[in-house]
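One structure is given here, and the rest of the page talks about it.
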Protein chains: 2
Amino acid sequence: MTRRLRGVLAPVVTPFKNDCSPDAQRFVRHCKWLLAHGCSGLAVFGTNSEANSLAADERMVLLEQLVEGGVPAAQLMPGTGCCALTESVRLSAHAVKLGCAGVLMLPPFYYKGVPDEGLYRNFAAVIDRVADDRLQLYLYHIPPVAQVPITLPLIERLLRAYPQTIAGVKDSSGDWGNTKAMIDAFAKQGFDVFAGSEVFLLRTLRAGGVGCITAGANVNAHGIDHLYRNWRSSTAETLQAGIDRIRQILQAQVSMIPALKATIAHYADDADWVTVRPPLVELAVEQRAQLVRELIAAGFDMPGLRGGSIATA
Amino acid sequence: MTRRLRGVLAPVVTPFKNDCSPDAQRFVRHCKWLLAHGCSGLAVFGTNSEANSLAADERMVLLEQLVEGGVPAAQLMPGTGCCALTESVRLSAHAVKLGCAGVLMLPPFYYKGVPDEGLYRNFAAVIDRVADDRLQLYLYHIPPVAQVPITLPLIERLLRAYPQTIAGVKDSSGDWGNTKAMIDAFAKQGFDVFAGSEVFLLRTLRAGGVGCITAGANVNAHGIDHLYRNWRSSTAETLQAGIDRIRQILQAQVSMIPALKATIAHYADDADWVTVRPPLVELAVEQRAQLVRELIAAGFDMPGLRGGSIATA
């Protein structure tokens, strides 16, 4: 865990077979497609991966299958934050042993309104118990879903105690003011701030952040990466508007994860991709058709997914 | 799973050693004390048990240790609802095999705003995959914490599809109107409604519910059971006021779970009981002292805990 990831990372959607068991083959294939089409890293087992709908053992097996399947561990930042400290430790230690670039860690999210002291103890205990200098820990702030925030004072305390381990944050608050405050407070100390959505990418880079880890990268990695590589150019605002439009179409659906899977199913011509685990529900046929119509009308494509995804399998 | 549990059930607090590992010996001891002092059943691995702060494997091992330690499986209703369907299935099948009276099941609680259809699929898949007629499933409605509700239409649909398996609900909404609506709608079909707090016990029994599954029973099982056994008597209102007063003292603390553990630590004269897992934080010394002062001033006691808890070990 020496080279820091930068740029565009996808919280990779997890493909399931009809019986809702994870489909490792499709997963490897999609990860390779993402790395070949704009992603510099893969935040597997994030919110959009339905990671919390997977047992810890299922996550560990899938991660091993990715690495065995040829996805470089140095480009992986798996989610390893669970409600149970013991499980966060187990998943994080496993990721470090596999050589992953970092881990993206949710706070324990069952109890609400817990004190920062308790959250500090959770992260500190994970670091102390994993006890491996290679661990690079990225904090995952997503209050709309986890309902448990990672505050600036908590980050400050963790950075002071573990300056070599606390590597950055994914800010999925949807609140640009918060992202900017994180950058302003900690970026100079080598704390890498990733926007949680591509709609904040240009602002994040201009302010001193390092990229984005975003659902949209599952389908539009190439578009988002194009902005990432050209953010200082005169076309940056136009590129930002372009990726915003695609994001808007995806988000207009009742639920982002089924929309992403439906998009992949269409462009890969692989209907099984639509499957989600309960409590999520796949898009209805008419919703899928409308989504695809809008994406096509916006000139969106996933180049090489059909042929490419099979060719690289 | 033939005889239905009724009366007062405790979501038993889980004792930890100094290193936060589960303490099976103290756990068995406290479970036996509870069954000897008013509890008709034990809803181990509930919210107050810090169940979601335990890995699935830790829960399974502890449950086996309880049964091996002499706690009757027929009086156990372990929590088995996880974010991951596969884990809910695994824990539920394990509980059924051990002979537990039932399971108390949270909805998958990571994703918010999910449709009832997705929650229905989750519970239906658990029942279909456990595939054991002995399974008695109690739904766990606790929107203040889980943030994912179990609605009346969802209960209706589940009852229609699985009338032999869907056994009841714990309503921890804190909304008496909702508890009453559940009783009015489903009690006649043999659907057992438990209040989620002893403050609703008298109203629940009068309306046709069957008891309560409540944090307070961890320390005041005897008081709550006294009301349960005398709810038709002329003293019922006075008994309700008495248990309300103790609940009020416990709840006045910053956090209920540390308050329960501090209370047990005091009355058992066993300081290690105060330990909680992150993200929870134990009460400060002064908070503990104040809590105990107030309980003593209210005439509260945990009879036989000191001697009894050791004698039955």
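Just remember, in the structure tokens the first chain shown is A, the second B, etc., residues are 1-based per chain, and ligands are 1-based in the order shown.
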
Going by DSSP on the backbone, which residues of range 118-219 of chain A come out as strand (DSSP E)? List them as JSON, numbers by chain.
{"A": [137, 138, 139, 140, 141, 166, 167, 168, 169, 170, 171, 192, 193, 194, 195, 211, 212, 213]}

Same residues, N, CA, C and O atoms, saved as a short mmCIF file (atom, residue, chain, number, x, y, z; two decimals), in the first residue's frame:
data_model
loop_
_atom_site.label_atom_id
_atom_site.label_comp_id
_atom_site.auth_asym_id
_atom_site.auth_seq_id
_atom_site.Cartn_x
_atom_site.Cartn_y
_atom_site.Cartn_z
N LEU A 137 -6.18 3.80 5.14
CA LEU A 137 -7.60 3.84 5.47
C LEU A 137 -8.26 5.13 4.95
O LEU A 137 -7.86 6.23 5.33
N TYR A 138 -9.26 4.96 4.10
CA TYR A 138 -10.06 6.07 3.60
C TYR A 138 -11.40 6.04 4.33
O TYR A 138 -12.08 5.01 4.37
N LEU A 139 -11.76 7.16 4.93
CA LEU A 139 -13.02 7.27 5.66
C LEU A 139 -14.16 7.48 4.68
O LEU A 139 -14.01 8.18 3.67
N TYR A 140 -15.30 6.88 4.97
CA TYR A 140 -16.43 6.94 4.06
C TYR A 140 -17.58 7.69 4.73
O TYR A 140 -18.25 7.17 5.60
N HIS A 141 -17.75 8.94 4.30
CA HIS A 141 -18.78 9.82 4.87
C HIS A 141 -20.00 9.82 3.96
O HIS A 141 -19.96 10.42 2.88
N ILE A 166 -4.33 7.06 8.09
CA ILE A 166 -5.54 7.77 7.62
C ILE A 166 -5.17 8.49 6.32
O ILE A 166 -4.44 9.48 6.33
N ALA A 167 -5.68 7.97 5.20
CA ALA A 167 -5.21 8.41 3.89
C ALA A 167 -6.13 9.39 3.20
O ALA A 167 -5.70 10.14 2.32
N GLY A 168 -7.41 9.39 3.57
CA GLY A 168 -8.33 10.27 2.86
C GLY A 168 -9.77 9.98 3.20
O GLY A 168 -10.07 9.30 4.19
N VAL A 169 -10.65 10.52 2.36
CA VAL A 169 -12.08 10.39 2.60
C VAL A 169 -12.82 10.33 1.28
O VAL A 169 -12.37 10.89 0.28
N LYS A 170 -13.94 9.64 1.27
CA LYS A 170 -14.92 9.79 0.21
C LYS A 170 -16.07 10.56 0.84
O LYS A 170 -16.70 10.08 1.79
N ASP A 171 -16.36 11.75 0.31
CA ASP A 171 -17.45 12.55 0.87
C ASP A 171 -18.70 12.40 0.02
O ASP A 171 -18.83 13.01 -1.03
N ASP A 192 -6.27 12.74 1.26
CA ASP A 192 -6.84 12.78 -0.09
C ASP A 192 -8.36 12.81 -0.05
O ASP A 192 -9.00 11.84 0.36
N VAL A 193 -8.92 13.90 -0.53
CA VAL A 193 -10.37 14.03 -0.54
C VAL A 193 -10.93 13.67 -1.91
O VAL A 193 -10.57 14.28 -2.93
N PHE A 194 -11.79 12.66 -1.92
CA PHE A 194 -12.51 12.28 -3.13
C PHE A 194 -13.95 12.77 -3.02
O PHE A 194 -14.60 12.54 -1.99
N ALA A 195 -14.46 13.41 -4.08
CA ALA A 195 -15.88 13.71 -4.12
C ALA A 195 -16.65 12.39 -4.23
O ALA A 195 -16.16 11.43 -4.82
N GLY A 211 -9.93 13.60 -6.76
CA GLY A 211 -10.72 12.84 -7.72
C GLY A 211 -12.11 12.57 -7.20
O GLY A 211 -12.61 13.30 -6.35
N CYS A 212 -12.71 11.52 -7.72
CA CYS A 212 -14.04 11.15 -7.23
C CYS A 212 -14.20 9.63 -7.22
O CYS A 212 -13.60 8.92 -8.00
N ILE A 213 -14.98 9.19 -6.27
CA ILE A 213 -15.37 7.78 -6.19
C ILE A 213 -16.88 7.81 -6.35
O ILE A 213 -17.59 8.25 -5.43
#

Kindly assemble as CSV a list of the chain B residues that lie within 9 Å of chain A, each paired with its nearest atom pair and their distance in Å to one decimal, using only C-alpha atoms, sorted first by chain and then by ascending residue number.
residue,atom,partner,partner_atom,distance
B:Thr47,CA,A:Tyr111,CA,8.4
B:Glu50,CA,A:Tyr111,CA,8.9
B:Ala51,CA,A:Ala84,CA,8.4
B:Asn52,CA,A:Cys83,CA,5.8
B:Ser53,CA,A:Ala84,CA,3.8
B:Leu54,CA,A:Ala84,CA,5.0
B:Ala55,CA,A:Ala84,CA,5.7
B:Ala56,CA,A:Glu87,CA,8.8
B:Cys82,CA,A:Ser53,CA,8.4
B:Cys83,CA,A:Ser53,CA,5.4
B:Ala84,CA,A:Ser53,CA,3.8
B:Leu85,CA,A:Ser53,CA,6.4
B:Thr86,CA,A:Ala55,CA,6.4
B:Glu87,CA,A:Ala55,CA,5.8
B:Pro107,CA,A:Pro279,CA,8.4
B:Pro108,CA,A:Pro279,CA,6.7
B:Phe109,CA,A:Tyr110,CA,7.7
B:Tyr110,CA,A:Ala146,CA,6.6
B:Tyr111,CA,A:Val145,CA,6.2
B:Lys112,CA,A:Val145,CA,6.2
B:Val114,CA,A:Leu280,CA,6.4
B:Pro115,CA,A:Leu280,CA,7.5
B:Asp116,CA,A:Pro279,CA,8.3
B:Glu117,CA,A:Val281,CA,7.3
B:Gly118,CA,A:Pro279,CA,4.0
B:Leu119,CA,A:Pro279,CA,5.0
B:Tyr120,CA,A:Pro279,CA,7.9
B:Arg121,CA,A:Pro278,CA,6.0
B:Asn122,CA,A:Pro278,CA,5.2
B:Phe123,CA,A:Pro278,CA,9.0
B:Ala125,CA,A:Pro278,CA,8.7
B:Pro144,CA,A:Lys112,CA,8.3
B:Val145,CA,A:Tyr111,CA,6.2
B:Ala146,CA,A:Tyr110,CA,6.6
B:Gln147,CA,A:Gln147,CA,8.9
B:Ser255,CA,A:Val114,CA,8.7
B:Arg277,CA,A:Leu85,CA,7.9
B:Pro278,CA,A:Gly118,CA,5.1
B:Pro279,CA,A:Gly118,CA,4.0
B:Leu280,CA,A:Gly118,CA,5.2
B:Val281,CA,A:Gly118,CA,5.5

Polymer residues at most 12 Å from Asn178 in chain B, only C-alpha atoms, same-chain spacing of 2 or more positions, as a VMD selection string
chain B and resid 141 to 143 149 to 152 169 to 176 180 to 185 193 to 196 200 204

Spatial neighbours of range 24-38 of chain B, 9 Å, only C-alpha atoms, chain gap at least 6 places, as a PyMOL selection string:
chain B and resi 7-10+12-16+44+62+65-67+69-71+75+217-226+273+302-305+308-313

DSSP-assigned alpha helix (DSSP H) among range 144-270 of chain A, expressed as a PyMOL selection string:
chain A and resi 144-146+152-161+176-186+201-207+217-229+236-251+256-268
